[in-house]
Amino acid sequence: MRANCSSSSACPANSSEEELPVGLEVHGNLELVFTVVTAVMMGLLMFSLGCSVEFRKLWSHIRRPWGIAVGLLCQFGLMPLTAYLLAISFSLKPAQAVAVLVMGCCPGGTISNIFTFWVDGDMDLSITMTTCSTVAALGMMPLCLYLYTLSWNLEQNLTIPYQNIGITLVCLTIPVAFGIYVNYRWPKQSKIILKIGAIVGGVLLLVVAVAGVVLAKGSWNSDITLLTISFIFPLIGHVTGFLLALLTHQSWQRCRTISLETGAQNIQMCVTMLQLSFTAEQLVQMLSFPLAYGLFQLLDGFLIVAAYKMYKRRLKNEHRKKNTRCEEGCHNKRSTSPKETGAFLEVNEEVTITSGPSMPMDLHTTLEPTGHISSGT
């Protein structure tokens with residue numbers, strides 16, 4: 001395997017004289033419009049998520065990059081190894097095995113930043129990990145692919161999409177930098193922008209999922225093995241990332257963040273690399289995997305968010321019941337007006353949910369430290 005330039009003209013698999021089969025026909029203007037609109041919306045989304053980042057905390061992660069180091073170990077240690085073991089265990093065809101391995105060697109995707117915000121994760125760590133993994137991919141992608149394909153004797157050269165990596169870095173860092181500046185200058189307005197961005201992020205994920213299926217519907221096949229791997233691969237990434245973060249004594253908030261960063265891969269980068277490296281006939285066997293992986297990682301992310309929200313709601317209800325029993329006991333000792341009682345409960349509930357882990361009776365904050373902005377339940 002050799003790491004070629006990312007120019008499509010340098011790869012014979014993408015020669016203009018070769019026509020794509022019917023299953024891989026490009027939808028022309030529709031695909032172009034979808035790509036442009038998605039890029040613009042993603043830039044706006046990263047700008048809104050950047051409004052949750054504080055430069056002081058961001059700098060602390062850079063100065064003491066323990067969380068970043070654990071994330072990079074998961075990204076370029078666990079994920080490529082998992083991809084290789086899955087390809088060997090399921091005895092995949094060479095083209096399909098390469099598709100799985102390429103996915104495992106890709107950096108983290110921006111979708112993890114959205115899910116991290118929804119589960120009250122460490123947004124500073126999440127955005128820093130995404131940026132660092134994308135930068136590290138310039139060297140780690142060709143290294144991992146070279147090491148894991150030594151025994152496969154591939155005849156096809158794999159083309160590293162350096163141009164795509166550079167564009168990803170620009171689209172990630174510039175909007176986030178503007179968001180950090182807005183949060184520094186106008187903190188109140190940045191909270192409003194952040195809430196709007198969270199809603200836009202959910203809509204964007206649904207639009208991307210539906211449009212991706214429609215635009216590439218011809219590339220789907222009925223290979224149940226690839227579908228099975230695309231379903232369990234992101235789950236393995238989430239679980240192993242969480243466990244490694246837990247073993248390295250990271251906080252629960254960082255564990256959630258690293259878990260989501262590990263399982264969420266950059267789907268577009270994987271698809272671009274496959275298109276630059278293989279012929280149209282080979283792509284028929286390969287493109288179904290990154291598309292299915294993208295859909296399943298969306299599904300897994302939504303399930304993780306739903307499970308976290310249910311857990312958070314249950315703890316909040318337990319605290320509310322505990323506070324109600326406490327208030328009823330106090331009511332027997334002293335007479336309190338209904339208006340004063342309602343105000344006490346409201347204040348006490350807020351304190352219970354947002355108080356620090358130093359309070360012994362606050363089980364929620366002991367187990368689950370809150371993120372930058374606690375979402376309502």
# chains A, B, ... in the order shown; residues from 1 in each chain; ligands from 1
>>> select_by_dssp(residues="range 208-288 of chain A", states="helix (DSSP H, G or I)", output="ChimeraX atom specification")
/A:208-215,217-219,224-247,252-263,267-277,280-286,288
>>> closest_atom_pairs(of="range 91-176 of chain A", to="range 56-68 of chain A", cutoff="7 Å", atoms="only C-alpha atoms", output="tab-separated table")
residue	atom	partner	partner_atom	distance
A:Asp124	CA	A:Leu58	CA	5.4
A:Leu125	CA	A:His61	CA	6.8
A:Met129	CA	A:Ile68	CA	5.7
>>> write_last_selection(atoms="N, CA and C atoms", output="JSON list (two decimals), in the first residue's frame")
[["chain", "number", "residue", "atom", "x", "y", "z"],
["A", 124, "ASP", "N", -15.59, 21.24, 25.50],
["A", 124, "ASP", "CA", -14.21, 21.67, 25.24],
["A", 124, "ASP", "C", -13.35, 20.48, 24.82],
["A", 125, "LEU", "N", -13.48, 19.37, 25.53],
["A", 125, "LEU", "CA", -12.73, 18.16, 25.19],
["A", 125, "LEU", "C", -13.21, 17.58, 23.87],
["A", 129, "MET", "N", -10.78, 17.09, 20.79],
["A", 129, "MET", "CA", -10.49, 15.75, 20.31],
["A", 129, "MET", "C", -10.77, 15.63, 18.82]]
>>> residues_around(residues="Gly179 in chain A", least_positions_apart="5", cutoff="7 Å", atoms="only C-alpha atoms", output="PyMOL selection string")
chain A and resi 47-48+50-51
>>> atom_distance(atom1="CA of Leu143 in chain A", atom2="CA of Ile167 in chain A")
20.9 Å
>>> residues_around(residues="Val119 in chain A", least_positions_apart="3", cutoff="8 Å", atoms="only C-alpha atoms", output="list in words")
Phe115, Thr116, Arg256, Val305, Tyr308, Lys309 and Gly371 of chain A
>>> write_last_selection(atoms="all heavy atoms", output="short mmCIF file (atom, residue, chain, number, x, y, z; two decimals), in the first residue's frame")
data_model
loop_
_atom_site.label_atom_id
_atom_site.label_comp_id
_atom_site.auth_asym_id
_atom_site.auth_seq_id
_atom_site.Cartn_x
_atom_site.Cartn_y
_atom_site.Cartn_z
N PHE A 115 -23.88 15.08 19.69
CA PHE A 115 -24.34 14.14 20.70
C PHE A 115 -23.72 14.44 22.07
O PHE A 115 -24.37 14.27 23.10
CB PHE A 115 -24.02 12.71 20.28
CG PHE A 115 -24.87 12.20 19.16
CD1 PHE A 115 -24.30 11.57 18.07
CD2 PHE A 115 -26.24 12.36 19.18
CE1 PHE A 115 -25.09 11.10 17.03
CE2 PHE A 115 -27.05 11.90 18.15
CZ PHE A 115 -26.47 11.26 17.07
N THR A 116 -22.47 14.89 22.07
CA THR A 116 -21.82 15.25 23.34
C THR A 116 -22.56 16.38 24.03
O THR A 116 -22.75 16.38 25.25
CB THR A 116 -20.36 15.66 23.09
OG1 THR A 116 -19.65 14.55 22.54
CG2 THR A 116 -19.69 16.07 24.39
N ARG A 256 -18.27 9.91 28.98
CA ARG A 256 -19.32 10.03 27.96
C ARG A 256 -18.78 10.67 26.69
O ARG A 256 -19.09 10.24 25.58
CB ARG A 256 -20.49 10.84 28.51
CG ARG A 256 -21.23 10.21 29.67
CD ARG A 256 -22.58 10.88 29.90
NE ARG A 256 -22.45 12.30 30.21
CZ ARG A 256 -22.34 12.80 31.42
NH1 ARG A 256 -22.31 11.97 32.46
NH2 ARG A 256 -22.27 14.10 31.62
N VAL A 305 -28.42 9.15 23.70
CA VAL A 305 -29.00 10.40 24.21
C VAL A 305 -30.32 10.11 24.92
O VAL A 305 -30.58 10.65 26.01
CB VAL A 305 -29.20 11.40 23.06
CG1 VAL A 305 -29.98 12.62 23.54
CG2 VAL A 305 -27.86 11.84 22.49
N TYR A 308 -29.69 8.52 28.28
CA TYR A 308 -29.19 9.49 29.25
C TYR A 308 -30.31 10.41 29.74
O TYR A 308 -30.39 10.71 30.94
CB TYR A 308 -28.08 10.32 28.61
CG TYR A 308 -27.59 11.45 29.49
CD1 TYR A 308 -26.76 11.19 30.57
CD2 TYR A 308 -27.98 12.77 29.26
CE1 TYR A 308 -26.32 12.21 31.40
CE2 TYR A 308 -27.54 13.80 30.07
CZ TYR A 308 -26.72 13.52 31.14
OH TYR A 308 -26.30 14.54 31.95
N LYS A 309 -31.18 10.85 28.85
CA LYS A 309 -32.28 11.73 29.25
C LYS A 309 -33.23 11.02 30.19
O LYS A 309 -33.72 11.61 31.17
CB LYS A 309 -33.03 12.23 28.00
CG LYS A 309 -32.21 13.10 27.06
CD LYS A 309 -31.81 14.40 27.72
CE LYS A 309 -31.08 15.31 26.74
NZ LYS A 309 -30.62 16.58 27.37
N GLY A 371 -22.78 18.91 32.36
CA GLY A 371 -21.96 19.49 31.30
C GLY A 371 -21.96 20.98 31.40
O GLY A 371 -22.27 21.59 32.41
#
>>> closest_atom_pairs(of="range 163-250 of chain A", to="range 83-90 of chain A", cutoff="9 Å", atoms="only C-alpha atoms", output="JSON lines")
{"residue": "A:Thr225", "atom": "CA", "partner": "A:Phe90", "partner_atom": "CA", "distance": 7.4}
{"residue": "A:Ile229", "atom": "CA", "partner": "A:Leu86", "partner_atom": "CA", "distance": 7.2}
{"residue": "A:Phe233", "atom": "CA", "partner": "A:Ala83", "partner_atom": "CA", "distance": 7.5}
>>> closest_residue(among="A:Ala264, A:Val200, A:Leu194, A:Leu172", to="Thr128 in chain A", atoms="only C-alpha atoms")
A:Leu172
>>> closest_residue(among="A:Val100, A:Gly121, A:Phe296, A:Cys105", to="Ser251 in chain A", atoms="only C-alpha atoms")
A:Gly121
>>> closest_residue(among="A:Gly202, A:Pro175, A:Gly71, A:Gly43", to="Thr130 in chain A", atoms="only C-alpha atoms")
A:Gly71
>>> residues_around(residues="Glu54 in chain A", least_positions_apart="5", cutoff="10 Å", atoms="only C-alpha atoms", output="list in words")
Trp59, Met123, Asp124, Gly179, Ile180, Tyr181, Asn183, Tyr184, Pro187 and His372 of chain A
>>> residues_around(residues="Ile196 in chain A", least_positions_apart="5", cutoff="10 Å", atoms="only C-alpha atoms", output="list of chain:residue names")
A:Leu45, A:Ser48, A:Leu49, A:Ser190, A:Lys191, A:Gly201
>>> write_last_selection(atoms="N, CA, C and O atoms", output="JSON list (two decimals), in the first residue's frame")
[["chain", "number", "residue", "atom", "x", "y", "z"],
["A", 45, "LEU", "N", -23.64, 25.12, 12.48],
["A", 45, "LEU", "CA", -23.79, 24.27, 13.67],
["A", 45, "LEU", "C", -22.53, 24.30, 14.52],
["A", 45, "LEU", "O", -22.60, 24.44, 15.75],
["A", 48, "SER", "N", -22.35, 27.48, 16.43],
["A", 48, "SER", "CA", -23.20, 27.50, 17.63],
["A", 48, "SER", "C", -22.62, 26.63, 18.74],
["A", 48, "SER", "O", -22.65, 27.00, 19.92],
["A", 49, "LEU", "N", -22.05, 25.47, 18.39],
["A", 49, "LEU", "CA", -21.42, 24.63, 19.41],
["A", 49, "LEU", "C", -20.17, 25.29, 19.98],
["A", 49, "LEU", "O", -19.82, 25.10, 21.15],
["A", 190, "SER", "N", -24.64, 34.11, 23.50],
["A", 190, "SER", "CA", -24.09, 32.82, 23.06],
["A", 190, "SER", "C", -24.95, 31.65, 23.55],
["A", 190, "SER", "O", -25.05, 30.63, 22.87],
["A", 191, "LYS", "N", -25.59, 31.80, 24.72],
["A", 191, "LYS", "CA", -26.46, 30.73, 25.21],
["A", 191, "LYS", "C", -27.69, 30.56, 24.32],
["A", 191, "LYS", "O", -28.14, 29.44, 24.07],
["A", 201, "GLY", "N", -29.05, 21.22, 14.85],
["A", 201, "GLY", "CA", -28.27, 20.00, 14.74],
["A", 201, "GLY", "C", -29.12, 18.76, 14.59],
["A", 201, "GLY", "O", -28.82, 17.88, 13.78]]
>>> residues_around(residues="Met42 in chain A", least_positions_apart="4", cutoff="12 Å", atoms="only C-alpha atoms", output="ChimeraX atom specification")
/A:34-38,46-50,109-111,113-114,168,170-176,197-198,200-205,207-208
>>> write_last_selection(atoms="N, CA and C atoms", output="CSV table (one decimal), in the first residue's frame")
chain,number,residue,atom,x,y,z
A,34,PHE,N,-27.1,19.5,-2.3
A,34,PHE,CA,-27.1,18.8,-1.0
A,34,PHE,C,-25.7,19.0,-0.3
A,35,THR,N,-24.6,18.9,-1.0
A,35,THR,CA,-23.3,19.0,-0.5
A,35,THR,C,-23.1,20.5,0.0
A,36,VAL,N,-23.5,21.5,-0.8
A,36,VAL,CA,-23.3,22.9,-0.4
A,36,VAL,C,-24.1,23.2,0.8
A,37,VAL,N,-25.4,22.8,0.8
A,37,VAL,CA,-26.3,23.1,1.9
A,37,VAL,C,-25.8,22.5,3.2
A,38,THR,N,-25.4,21.2,3.1
A,38,THR,CA,-24.9,20.5,4.3
A,38,THR,C,-23.6,21.2,4.8
A,46,MET,N,-21.4,24.2,13.9
A,46,MET,CA,-20.1,24.2,14.6
A,46,MET,C,-19.9,25.6,15.3
A,47,PHE,N,-20.4,26.6,14.6
A,47,PHE,CA,-20.3,28.0,15.2
A,47,PHE,C,-21.1,28.0,16.5
A,48,SER,N,-22.3,27.5,16.4
A,48,SER,CA,-23.2,27.5,17.6
A,48,SER,C,-22.6,26.6,18.7
A,49,LEU,N,-22.0,25.5,18.4
A,49,LEU,CA,-21.4,24.6,19.4
A,49,LEU,C,-20.2,25.3,20.0
A,50,GLY,N,-19.5,26.1,19.1
A,50,GLY,CA,-18.3,26.8,19.6
A,50,GLY,C,-18.7,27.8,20.7
A,109,GLY,N,-15.8,12.2,13.6
A,109,GLY,CA,-16.6,13.1,12.9
A,109,GLY,C,-17.3,14.1,13.8
A,110,THR,N,-17.7,15.2,13.2
A,110,THR,CA,-18.4,16.3,13.9
A,110,THR,C,-19.7,15.9,14.5
A,111,ILE,N,-20.3,14.8,14.1
A,111,ILE,CA,-21.5,14.4,14.7
A,111,ILE,C,-21.4,14.1,16.2
A,113,ASN,N,-19.8,15.8,18.3
A,113,ASN,CA,-19.9,17.1,19.0
A,113,ASN,C,-21.4,17.4,19.4
A,114,ILE,N,-22.3,17.1,18.4
A,114,ILE,CA,-23.7,17.3,18.7
A,114,ILE,C,-24.2,16.4,19.8
A,168,THR,N,-11.8,19.7,6.0
A,168,THR,CA,-12.5,19.4,7.3
A,168,THR,C,-11.9,20.2,8.4
A,170,VAL,N,-10.5,23.2,8.2
A,170,VAL,CA,-10.9,24.6,8.0
A,170,VAL,C,-12.4,24.7,8.4
A,171,CYS,N,-13.2,23.8,8.0
A,171,CYS,CA,-14.7,23.9,8.3
A,171,CYS,C,-14.9,23.7,9.8
A,172,LEU,N,-14.0,23.1,10.5
A,172,LEU,CA,-14.2,22.8,11.9
A,172,LEU,C,-13.6,24.0,12.7
A,173,THR,N,-12.4,24.4,12.5
A,173,THR,CA,-11.7,25.3,13.3
A,173,THR,C,-12.2,26.8,13.2
A,174,ILE,N,-12.5,27.2,12.0
A,174,ILE,CA,-12.9,28.6,11.8
A,174,ILE,C,-14.3,28.9,12.5
A,175,PRO,N,-15.3,28.1,12.2
A,175,PRO,CA,-16.6,28.4,12.9
A,175,PRO,C,-16.5,28.3,14.4
A,176,VAL,N,-15.7,27.3,14.9
A,176,VAL,CA,-15.6,27.1,16.3
A,176,VAL,C,-14.8,28.3,16.9
A,197,GLY,N,-28.7,26.2,17.9
A,197,GLY,CA,-27.9,25.3,17.3
A,197,GLY,C,-28.2,23.9,17.6
A,198,ALA,N,-28.6,23.6,18.8
A,198,ALA,CA,-28.9,22.2,19.2
A,198,ALA,C,-30.1,21.7,18.4
A,200,VAL,N,-31.1,23.0,15.4
A,200,VAL,CA,-30.7,22.9,14.1
A,200,VAL,C,-29.9,21.6,13.8
A,201,GLY,N,-29.1,21.2,14.8
A,201,GLY,CA,-28.3,20.0,14.7
A,201,GLY,C,-29.1,18.8,14.6
A,202,GLY,N,-30.2,18.7,15.4
A,202,GLY,CA,-31.1,17.5,15.2
A,202,GLY,C,-31.7,17.5,13.9
A,203,VAL,N,-32.2,18.6,13.4
A,203,VAL,CA,-32.8,18.6,12.1
A,203,VAL,C,-31.8,18.2,11.0
A,204,LEU,N,-30.6,18.8,11.1
A,204,LEU,CA,-29.5,18.5,10.2
A,204,LEU,C,-29.2,17.0,10.1
A,205,LEU,N,-29.1,16.3,11.3
A,205,LEU,CA,-28.8,14.9,11.3
A,205,LEU,C,-29.9,14.1,10.6
A,207,VAL,N,-31.9,15.3,8.2
A,207,VAL,CA,-31.8,15.6,6.7
A,207,VAL,C,-30.7,14.8,6.1
A,208,VAL,N,-29.5,14.8,6.7
A,208,VAL,CA,-28.4,14.1,6.2
A,208,VAL,C,-28.7,12.6,6.0
